[in-house]
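As stored in run.txt (compact mmCIF, C-alpha atoms):
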# COMPACT_ATOMS: atom_id res chain seq x y z
CA VAL A 289 13.28 91.80 207.72
CA ASP A 290 11.88 95.29 208.12
CA VAL A 291 10.35 95.55 204.66
CA ALA A 292 9.26 99.19 204.98
CA SER A 293 12.67 100.56 205.89
CA ASP A 294 14.21 98.27 203.29
CA THR A 295 12.06 99.92 200.62
CA ARG A 296 12.98 103.33 201.96
CA GLU A 297 16.70 102.50 201.67
CA ARG A 298 16.28 101.14 198.15
CA LEU A 299 14.46 104.32 197.09
CA ILE A 300 17.26 106.48 198.48
CA ARG A 301 20.02 104.36 196.97
CA THR A 302 18.41 104.26 193.54
CA THR A 303 17.78 108.01 193.57
CA GLY A 304 21.38 108.70 194.54
CA ARG A 305 22.63 106.58 191.66
CA LEU A 306 20.35 108.33 189.16
CA LEU A 307 21.27 111.81 190.47
CA ARG A 308 24.96 111.02 189.97
CA LYS A 309 24.30 109.90 186.43
CA ARG A 310 21.88 112.48 185.08
CA GLY A 311 20.84 115.04 187.65
CA TYR A 312 17.51 115.89 189.17
CA ALA A 313 15.42 117.06 186.23
CA ALA A 314 16.11 113.98 184.11
CA THR A 315 15.47 111.57 186.96
CA GLY A 316 11.82 110.55 186.80
CA LEU A 317 9.77 109.16 189.67
CA ASN A 318 8.58 106.25 187.55
CA GLN A 319 12.14 105.26 186.83
CA ILE A 320 13.08 105.48 190.51
CA MET A 321 10.11 103.30 191.47
CA ALA A 322 10.91 100.76 188.77
CA GLU A 323 14.64 100.53 189.46
CA ALA A 324 14.11 100.40 193.22
CA GLU A 325 11.40 97.75 192.72
CA ALA A 326 9.34 99.78 195.15
CA PRO A 327 5.67 98.91 195.75
CA LYS A 328 3.15 101.43 194.45
CA GLY A 329 2.35 104.01 197.11
CA SER A 330 5.56 103.36 199.06
CA MET A 331 7.11 106.51 197.69
CA TYR A 332 4.66 108.95 199.28
CA PHE A 333 4.43 106.77 202.37
CA HIS A 334 8.17 107.25 203.01
CA PHE A 335 8.54 110.66 201.35
CA PRO A 336 5.37 112.73 201.67
CA GLY A 337 7.29 115.63 200.14
CA GLY A 338 7.71 113.64 196.93
CA LYS A 339 10.69 113.66 194.62
CA GLU A 340 12.34 116.67 196.23
CA GLU A 341 12.28 115.13 199.71
CA LEU A 342 13.57 111.83 198.34
CA ALA A 343 16.38 113.57 196.44
CA ALA A 344 17.36 115.55 199.55
CA ALA A 345 17.59 112.25 201.49
CA ALA A 346 19.76 110.82 198.69
CA VAL A 347 22.05 113.87 198.81
CA ASP A 348 22.37 113.51 202.60
CA LYS A 349 23.23 109.83 202.23
CA PHE A 350 25.81 110.50 199.52
CA ALA A 351 27.28 113.32 201.64
CA GLY A 352 27.61 110.99 204.60
CA ALA A 353 29.36 108.34 202.52
CA ILE A 354 31.88 110.86 201.17
CA ALA A 355 32.47 112.30 204.66
CA LYS A 356 33.19 108.79 205.92
CA GLN A 357 35.63 108.22 203.09
CA LEU A 358 37.36 111.56 203.76
CA ARG A 359 37.59 110.81 207.48
CA ALA A 360 39.02 107.34 206.84
CA GLY A 361 41.64 108.82 204.51
CA LEU A 362 42.64 111.47 207.03
CA GLU A 363 43.04 108.77 209.69
CA ARG A 364 44.95 106.38 207.44
CA GLN A 365 47.39 108.83 205.86
CA ALA A 366 50.25 110.51 207.66
CA THR A 367 49.39 114.01 206.41
CA VAL A 368 46.43 115.98 205.10
CA ALA A 369 48.33 116.42 201.82
CA GLU A 370 48.51 112.65 201.37
CA ALA A 371 44.88 112.17 202.36
CA VAL A 372 43.73 114.78 199.83
CA THR A 373 45.91 113.22 197.15
CA GLY A 374 44.35 109.85 197.97
CA PHE A 375 40.86 111.34 197.79
CA PHE A 376 41.55 112.74 194.31
CA ASP A 377 42.97 109.37 193.29
CA ASP A 378 39.81 107.65 194.51
CA TYR A 379 37.84 109.96 192.24
CA VAL A 380 40.17 109.28 189.33
CA ALA A 381 39.46 105.57 189.78
CA TYR A 382 35.73 106.22 190.19
CA MET A 383 35.45 108.29 187.01
CA GLU A 384 37.34 105.64 185.07
CA ARG A 385 35.24 102.82 186.53
CA THR A 386 31.99 104.55 185.61
CA GLU A 387 33.41 105.62 182.22
CA PHE A 388 32.76 109.26 183.13
CA GLY A 389 29.05 108.53 183.33
CA ASP A 390 28.77 109.37 187.02
CA GLY A 391 29.53 112.54 188.89
CA CYS A 392 28.83 113.98 192.29
CA ALA A 393 25.19 113.68 193.41
CA VAL A 394 25.53 116.92 195.34
CA ALA A 395 26.89 118.94 192.43
CA THR A 396 24.20 117.88 189.97
CA VAL A 397 21.52 118.87 192.45
CA ALA A 398 23.20 122.12 193.49
CA LEU A 399 23.84 123.27 189.96
CA ASP A 400 20.39 122.73 188.51
CA GLU A 401 17.99 122.96 191.41
CA ALA A 402 19.43 124.83 194.38
CA ALA A 403 17.91 128.14 193.35
CA THR A 404 14.38 126.80 192.98
CA HIS A 405 14.19 123.87 195.41
CA GLU A 406 14.85 124.95 198.96
CA LEU A 407 15.20 121.44 200.43
CA LEU A 408 17.75 120.48 197.79
CA GLY A 409 19.77 123.67 198.16
CA ALA A 410 19.92 123.12 201.91
CA ALA A 411 20.97 119.48 201.49
CA ALA A 412 23.72 120.47 199.04
CA ASP A 413 24.92 123.14 201.42
CA ARG A 414 25.04 120.69 204.37
CA ALA A 415 27.07 118.29 202.24
CA PHE A 416 29.68 120.80 201.11
CA ARG A 417 29.98 122.30 204.58
CA SER A 418 30.52 118.90 206.22
CA TRP A 419 33.38 118.08 203.84
CA VAL A 420 34.97 121.52 204.17
CA ASP A 421 34.72 121.34 207.97
CA LEU A 422 36.45 117.94 208.07
CA LEU A 423 39.36 119.22 206.00
CA THR A 424 39.54 122.50 207.90
CA ASP A 425 39.90 120.69 211.23
CA ALA A 426 42.57 118.41 209.80
CA LEU A 427 44.56 121.39 208.47
CA VAL A 428 44.24 123.24 211.78
CA ALA A 429 45.64 120.13 213.50
CA GLU A 430 48.67 120.45 211.20
CA GLY A 431 49.32 124.02 212.26
CA HIS A 432 47.36 126.08 209.73
CA ASP A 433 45.54 129.01 211.26
CA HIS A 434 41.78 128.54 211.17
CA ASP A 435 40.82 131.10 208.55
CA SER A 436 43.48 130.05 206.11
CA ALA A 437 42.69 126.36 206.77
CA HIS A 438 39.04 127.05 205.94
CA ARG A 439 39.93 128.81 202.69
CA VAL A 440 42.24 126.02 201.55
CA ALA A 441 39.71 123.33 202.56
CA SER A 442 36.99 125.15 200.63
CA LEU A 443 39.29 125.39 197.61
CA VAL A 444 40.02 121.64 197.77
CA ILE A 445 36.32 120.75 197.68
CA ALA A 446 35.63 123.31 194.93
CA ALA A 447 38.56 121.92 192.93
CA ILE A 448 37.31 118.34 193.17
CA GLU A 449 33.79 119.35 192.14
CA GLY A 450 35.05 121.45 189.26
CA ALA A 451 37.59 118.88 188.10
CA ILE A 452 34.87 116.22 187.97
CA VAL A 453 32.84 118.50 185.71
CA MET A 454 35.86 119.08 183.46
CA SER A 455 36.74 115.37 183.42
CA LYS A 456 33.28 114.46 182.19
CA GLY A 457 33.51 116.78 179.20
CA ARG A 458 36.95 115.51 178.27
CA HIS A 459 36.51 111.84 179.11
CA SER A 460 39.86 112.10 180.83
CA THR A 461 40.93 112.26 184.45
CA GLU A 462 43.67 114.76 183.65
CA PRO A 463 41.76 117.70 185.23
CA LEU A 464 41.58 115.74 188.49
CA SER A 465 45.27 114.91 188.55
CA SER A 466 46.25 118.45 187.55
CA ALA A 467 44.16 119.95 190.36
CA ARG A 468 45.52 117.37 192.81
CA ASP A 469 49.14 118.21 192.00
CA ALA A 470 48.62 121.98 191.86
CA LEU A 471 46.98 121.99 195.31
CA ARG A 472 49.84 120.16 196.98
CA PRO A 473 51.93 123.21 198.09
CA LEU A 474 48.90 124.71 199.86
CA LEU A 475 48.46 121.60 201.98
CA GLU A 476 51.96 121.37 203.47
CA ARG A 477 52.13 120.86 207.21
CA GLN A 478 52.72 124.18 209.00
CA SER A 479 53.86 122.93 212.40
CA ALA A 480 57.28 121.45 213.09
CA VAL B 250 17.96 143.11 158.79
CA ASP B 251 18.98 139.53 158.17
CA VAL B 252 15.93 137.92 159.77
CA ALA B 253 17.18 134.33 159.51
CA SER B 254 20.49 134.90 161.27
CA ASP B 255 18.70 137.10 163.78
CA THR B 256 16.45 134.18 164.69
CA ARG B 257 19.48 131.91 164.90
CA GLU B 258 21.17 134.29 167.35
CA ARG B 259 18.03 134.59 169.45
CA LEU B 260 17.72 130.80 169.65
CA ILE B 261 21.33 130.49 170.80
CA ARG B 262 21.06 133.32 173.31
CA THR B 263 17.82 132.02 174.82
CA THR B 264 19.20 128.50 175.07
CA GLY B 265 22.35 129.75 176.79
CA ARG B 266 20.26 131.61 179.34
CA LEU B 267 18.09 128.57 180.07
CA LEU B 268 21.13 126.26 180.33
CA ARG B 269 22.69 128.56 182.90
CA LYS B 270 19.49 128.56 184.92
CA ARG B 271 18.36 124.96 184.86
CA GLY B 272 20.56 122.72 182.76
CA TYR B 273 19.90 120.72 179.64
CA ALA B 274 17.28 118.19 180.71
CA ALA B 275 14.90 120.78 182.16
CA THR B 276 15.23 123.10 179.17
CA GLY B 277 12.43 122.27 176.76
CA LEU B 278 12.36 123.05 173.05
CA ASN B 279 8.91 124.63 173.34
CA GLN B 280 10.18 127.00 175.97
CA ILE B 281 13.21 127.94 173.88
CA MET B 282 10.99 128.62 170.85
CA ALA B 283 8.56 130.70 172.91
CA GLU B 284 11.17 132.75 174.75
CA ALA B 285 13.20 133.31 171.58
CA GLU B 286 9.99 134.26 169.73
CA ALA B 287 11.24 132.01 166.98
CA PRO B 288 8.98 131.17 164.02
CA LYS B 289 7.79 127.58 163.82
CA GLY B 290 10.19 125.47 161.80
CA SER B 291 13.11 127.88 162.28
CA MET B 292 14.64 125.62 164.89
CA TYR B 293 15.29 122.66 162.57
CA PHE B 294 16.14 125.02 159.73
CA HIS B 295 19.04 126.45 161.73
CA PHE B 296 19.79 123.37 163.84
CA PRO B 297 18.99 120.18 161.96
CA GLY B 298 20.55 118.25 164.86
CA GLY B 299 17.82 119.58 167.16
CA LYS B 300 18.17 120.50 170.79
CA GLU B 301 21.63 118.97 171.19
CA GLU B 302 23.10 120.92 168.28
CA LEU B 303 21.48 124.12 169.52
CA ALA B 304 22.78 123.57 173.05
CA ALA B 305 26.29 122.89 171.72
CA ALA B 306 26.14 126.21 169.84
CA ALA B 307 25.01 127.93 173.05
CA VAL B 308 27.91 126.38 174.98
CA ASP B 309 30.36 127.54 172.29
CA LYS B 310 28.93 131.06 172.44
CA PHE B 311 29.10 131.17 176.24
CA ALA B 312 32.66 129.80 176.12
CA GLY B 313 33.67 132.54 173.70
CA ALA B 314 32.19 135.26 175.88
CA ILE B 315 34.03 133.99 178.96
CA ALA B 316 37.29 133.66 177.01
CA LYS B 317 36.90 137.27 175.87
CA GLN B 318 36.32 138.38 179.46
CA LEU B 319 39.37 136.41 180.67
CA ARG B 320 41.54 137.87 177.90
CA ALA B 321 40.39 141.40 178.66
CA GLY B 322 41.19 140.91 182.34
CA LEU B 323 44.64 139.55 181.58
CA GLU B 324 45.34 142.57 179.37
CA ARG B 325 43.97 145.10 181.82
CA GLN B 326 45.56 143.82 185.01
CA ALA B 327 49.26 144.03 185.82
CA THR B 328 49.56 140.37 186.86
CA VAL B 329 47.82 137.05 186.30
CA ALA B 330 47.09 136.94 190.03
CA GLU B 331 45.14 140.20 189.80
CA ALA B 332 43.34 139.12 186.64
CA VAL B 333 42.23 135.86 188.27
CA THR B 334 41.13 137.73 191.38
CA GLY B 335 39.12 140.07 189.16
CA PHE B 336 37.57 137.13 187.33
CA PHE B 337 36.42 135.60 190.62
CA ASP B 338 35.05 138.98 191.66
CA ASP B 339 33.12 139.23 188.40
CA TYR B 340 31.53 135.89 189.25
CA VAL B 341 30.78 137.03 192.79
CA ALA B 342 28.89 139.99 191.32
CA TYR B 343 27.18 137.78 188.74
CA MET B 344 25.94 135.26 191.32
CA GLU B 345 24.61 138.08 193.48
CA ARG B 346 22.97 139.81 190.53
CA THR B 347 21.18 136.62 189.46
CA GLU B 348 20.39 135.74 193.09
CA PHE B 349 22.28 132.45 192.66
CA GLY B 350 19.79 131.40 190.02
CA ASP B 351 22.36 131.21 187.24
CA GLY B 352 25.50 129.19 186.93
CA CYS B 353 27.93 128.21 184.21
CA ALA B 354 26.29 127.00 180.99
CA VAL B 355 29.25 124.70 180.36
CA ALA B 356 29.15 123.04 183.78
CA THR B 357 25.44 122.27 183.69
CA VAL B 358 25.84 120.63 180.31
CA ALA B 359 29.04 118.79 181.22
CA LEU B 360 27.70 117.43 184.46
CA ASP B 361 24.43 116.03 183.23
CA GLU B 362 24.93 115.25 179.57
CA ALA B 363 28.58 114.87 178.63
CA ALA B 364 28.53 111.11 179.04
CA THR B 365 25.52 110.55 176.81
CA HIS B 366 25.58 113.45 174.32
CA GLU B 367 28.76 113.47 172.30
CA LEU B 368 28.29 116.95 170.78
CA LEU B 369 27.70 118.48 174.21
CA GLY B 370 30.65 116.71 175.82
CA ALA B 371 32.89 117.95 173.02
CA ALA B 372 31.58 121.53 173.33
CA ALA B 373 32.16 121.49 177.09
CA ASP B 374 35.67 120.18 176.59
CA ARG B 375 36.48 122.89 174.01
CA ALA B 376 35.23 125.52 176.46
CA PHE B 377 37.27 124.36 179.45
CA ARG B 378 40.39 123.85 177.31
CA SER B 379 40.18 127.34 175.82
CA TRP B 380 40.02 128.94 179.28
CA VAL B 381 42.80 126.75 180.68
CA ASP B 382 45.00 127.50 177.65
CA LEU B 383 44.54 131.26 178.05
CA LEU B 384 45.60 131.13 181.70
CA THR B 385 48.44 128.71 181.00
CA ASP B 386 49.95 131.07 178.42
CA ALA B 387 49.60 134.02 180.79
CA LEU B 388 51.36 132.12 183.60
CA VAL B 389 54.14 131.00 181.27
CA ALA B 390 54.64 134.66 180.33
CA GLU B 391 55.17 135.35 184.03
CA GLY B 392 57.92 132.77 184.33
CA HIS B 393 56.05 129.60 185.32
CA ASP B 394 57.27 126.48 183.55
CA HIS B 395 54.72 125.14 181.13
CA ASP B 396 53.64 121.98 182.95
CA SER B 397 53.20 123.69 186.27
CA ALA B 398 51.42 126.64 184.59
CA HIS B 399 49.00 124.19 183.00
CA ARG B 400 48.27 122.47 186.31
CA VAL B 401 47.65 125.76 188.12
CA ALA B 402 45.50 127.09 185.25
CA SER B 403 43.45 123.90 185.28
CA LEU B 404 43.04 124.20 189.05
CA VAL B 405 41.84 127.81 188.72
CA ILE B 406 39.12 126.85 186.24
CA ALA B 407 38.11 123.80 188.32
CA ALA B 408 37.98 125.99 191.43
CA ILE B 409 35.70 128.55 189.79
CA GLU B 410 33.37 125.86 188.48
CA GLY B 411 33.27 124.08 191.83
CA ALA B 412 32.89 127.27 193.85
CA ILE B 413 29.90 128.29 191.71
CA VAL B 414 28.27 124.96 192.52
CA MET B 415 28.94 125.45 196.23
CA SER B 416 27.73 129.07 196.14
CA LYS B 417 24.40 128.02 194.67
CA GLY B 418 23.70 125.57 197.48
CA ARG B 419 24.60 128.10 200.13
CA HIS B 420 23.17 131.22 198.53
CA SER B 421 26.45 132.87 199.46
CA THR B 422 29.51 133.89 197.48
CA GLU B 423 31.83 132.85 200.29
CA PRO B 424 33.04 129.71 198.44
CA LEU B 425 34.11 131.94 195.53
CA SER B 426 36.01 134.39 197.70
CA SER B 427 37.60 131.58 199.73
CA ALA B 428 38.83 129.84 196.58
CA ARG B 429 40.03 133.16 195.14
CA ASP B 430 42.13 133.96 198.21
CA ALA B 431 43.46 130.43 198.68
CA LEU B 432 44.67 130.30 195.07
CA ARG B 433 46.64 133.51 195.31
CA PRO B 434 50.04 132.06 196.38
CA LEU B 435 50.04 129.68 193.40
CA LEU B 436 49.68 132.56 190.97
CA GLU B 437 52.65 134.65 192.06
CA ARG B 438 54.91 135.86 189.28
CA GLN B 439 57.96 133.57 188.94
CA SER B 440 60.26 135.85 186.93
CA ALA B 441 62.13 138.82 188.32
As structure tokens, how would this structure be written, given the file I've shared?
Amino acid sequence: VDVASDTRERLIRTTGRLLRKRGYAATGLNQIMAEAEAPKGSMYFHFPGGKEELAAAAVDKFAGAIAKQLRAGLERQATVAEAVTGFFDDYVAYMERTEFGDGCAVATVALDEAATHELLGAAADRAFRSWVDLLTDALVAEGHDHDSAHRVASLVIAAIEGAIVMSKGRHSTEPLSSARDALRPLLERQSA
Amino acid sequence: VDVASDTRERLIRTTGRLLRKRGYAATGLNQIMAEAEAPKGSMYFHFPGGKEELAAAAVDKFAGAIAKQLRAGLERQATVAEAVTGFFDDYVAYMERTEFGDGCAVATVALDEAATHELLGAAADRAFRSWVDLLTDALVAEGHDHDSAHRVASLVIAAIEGAIVMSKGRHSTEPLSSARDALRPLLERQSA
């Protein structure tokens, strides 16, 4: 077992979970160390840049996981519209499973820290871009012209992020299902 | 001058500004007191429930200001589509003016605290509902059926919230203008 890289992974995973739950400011280094059962000193060994560097790694990891999920949905479903619907439904299930306690690790970081923490702003931007690009390409493959595909893809990601925020306040997934259904006409296949 | 209510207003205004900038967890009571130039003891005199009660009041105030702005736009513009476009453009200007340092006071609170702070979750929910209801009514007046008007209105609010989050990471208002333009077809007047 590669103990060092194992610790590194545990630190990233724990940080991601805490970011989803409470955001950057409320996530303390001591709590990360304790929950990750990380040996003293391991934190700055793996992340010389401290909490910000660790959080940026957690955002990148979360972004990669969501991109994988998006890509799998686009491959599995017959149309982009169905894949996007499925993605919203996954988030409906996720919010219910976590009793609205979790959110999007990227959004919490972007909202509170992007303006003052350069690494975190850049990580959030990479995440959003990667998701928008995936959806843009899929829409272009269904006959949308590139610019309009990009706008719709960007709207889809914005809508999911915003609907998660609204769902948390209401303790209801209705904002997610409303956004999902309202988006549908914009996602129709354009080619024959 | 009613000094007491003046202090109360300053506390609410200062808290709203700090929530927009950095969220709930990173906003400290000492900082609120200092920036509001509030006399010692005035905080618990006006807000016996402490920071949470004060933040809920700030969310309500912010929600009211946005509702007023939405209502004014809907009255001033010829169509809902133009009013929504104008609302996005106001946010484009706002993000540029604050150099992406500010966001939505409701979103920061909803994202980080709704699950654990009941007062804040309820305040966030009231805010989102009031904006969605305003837009729903305006769309119904333009011939949309109620359920579909509600879904589109909810999508518009989610899209603004999400696009603000994306804009902060990127230090660019492009996510706001993309969402604005992509939404347009859904907002077309349905009656003759």
### Query
Nearest to Ile261 in chain B: which of B:Asp339, B:Glu324, B:His295, B:Ala306 is it, counting only C-alpha atoms?
B:Ala306
#### Entry: Of the listed residues B:Arg375, B:Lys289, B:Arg419, B:His393, that which approaches chain A most closely, counting all atoms listed in the file
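Closest to chain A, using all atoms listed in the file: B:Arg419.
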### Task
Could you tell me which of B:Leu267, B:Val308, B:Ala387, B:Ala354 comes closest to Gln326 in chain B if we count only C-alpha atoms?
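Comparing B:Leu267, B:Val308, B:Ala387, B:Ala354 against Gln326 in chain B, the winner is B:Ala387.
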Mind running chain A against chain B at 6 Å and telling me each contacting residue's nearest atom pair with the distance in Å (one decimal), counting all atoms listed in the file, chain and number ascending, as CSV?
residue,atom,partner,partner_atom,distance
A:Arg310,CA,B:Asp361,CA,4.7
A:Gly311,CA,B:Asp361,CA,5.8
A:Ala313,CA,B:Ala275,CA,5.5
A:Ala314,CA,B:Ala274,CA,5.5
A:Gly389,CA,B:Ala364,CA,5.0
A:Ala398,CA,B:Gly418,CA,5.3
A:Leu399,CA,B:Val414,CA,5.4
A:Asp400,CA,B:Arg271,CA,4.7
A:Ala402,CA,B:Gly418,CA,5.3
A:Ala403,CA,B:Gly350,CA,5.0
A:Gly409,CA,B:Gly418,CA,4.4
A:Ala412,CA,B:Gly418,CA,5.3
A:Asp413,CA,B:Gly418,CA,4.8
A:Arg439,CA,B:Ser427,CA,4.7
A:Val440,CA,B:Ala431,CA,5.4
A:Leu443,CA,B:Ala428,CA,4.6
A:Ala446,CA,B:Gly411,CA,4.0
A:Ala447,CA,B:Ala408,CA,4.4
A:Glu449,CA,B:Gly411,CA,4.8
A:Gly450,CA,B:Ala407,CA,4.0
A:Ala451,CA,B:Ala407,CA,5.0
A:Val453,CA,B:Leu360,CA,5.4
A:Lys456,CA,B:Ala363,CA,5.9
A:Gly457,CA,B:Gly370,CA,4.4
A:Arg458,CA,B:Asp374,CA,5.1
A:Ser466,CA,B:Arg400,CA,4.7
A:Ala467,CA,B:Leu404,CA,4.6
A:Ala470,CA,B:Val401,CA,5.4
### Task
Could you jot down the CA of Thr422 in chain B to CA of Val341 in chain B separation for me, Å, one decimal place?
5.8 Å
### Task
In Å, rounded to a single decimal, give me how far CA of Val329 in chain B is from CA of Glu370 in chain A.
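Value for the CA of Glu370 in chain A-CA of Val329 in chain B distance: 28.7 Å.
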### Task
Tell me, in Å to one decimal, how far CA of Leu303 in chain B is from CA of Asp251 in chain B.
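Distance between the two atoms: 19.3 Å.
Within 12 Å of Glu391 in chain B, once all atoms listed in the file are used and residues closer than 4 positions along the same chain are dropped, the contacting residues are Leu323, Ala327, Thr328, Val329, Ala330, Leu384, Thr385, Asp386, Ala387, His395, Ala398, Leu436, Glu437, Arg438, Gln439, Ser440 and Ala441 of chain B.
Closest approach to Gly265 in chain B from the set B:Tyr343, B:Phe296, B:Phe337, B:Phe311 is made by B:Phe311, with distances taken over all atoms listed in the file.
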Specify the axis-aligned box that encloses all atoms of range 409-418 of chain B listed in the file after padding of 4 Å on each side, stating its centre and edge lengths in Å to one decimal as AutoDock Vina command-line options.
--center_x 29.7 --center_y 126.6 --center_z 193.0 --size_x 20.0 --size_y 13.0 --size_z 17.0
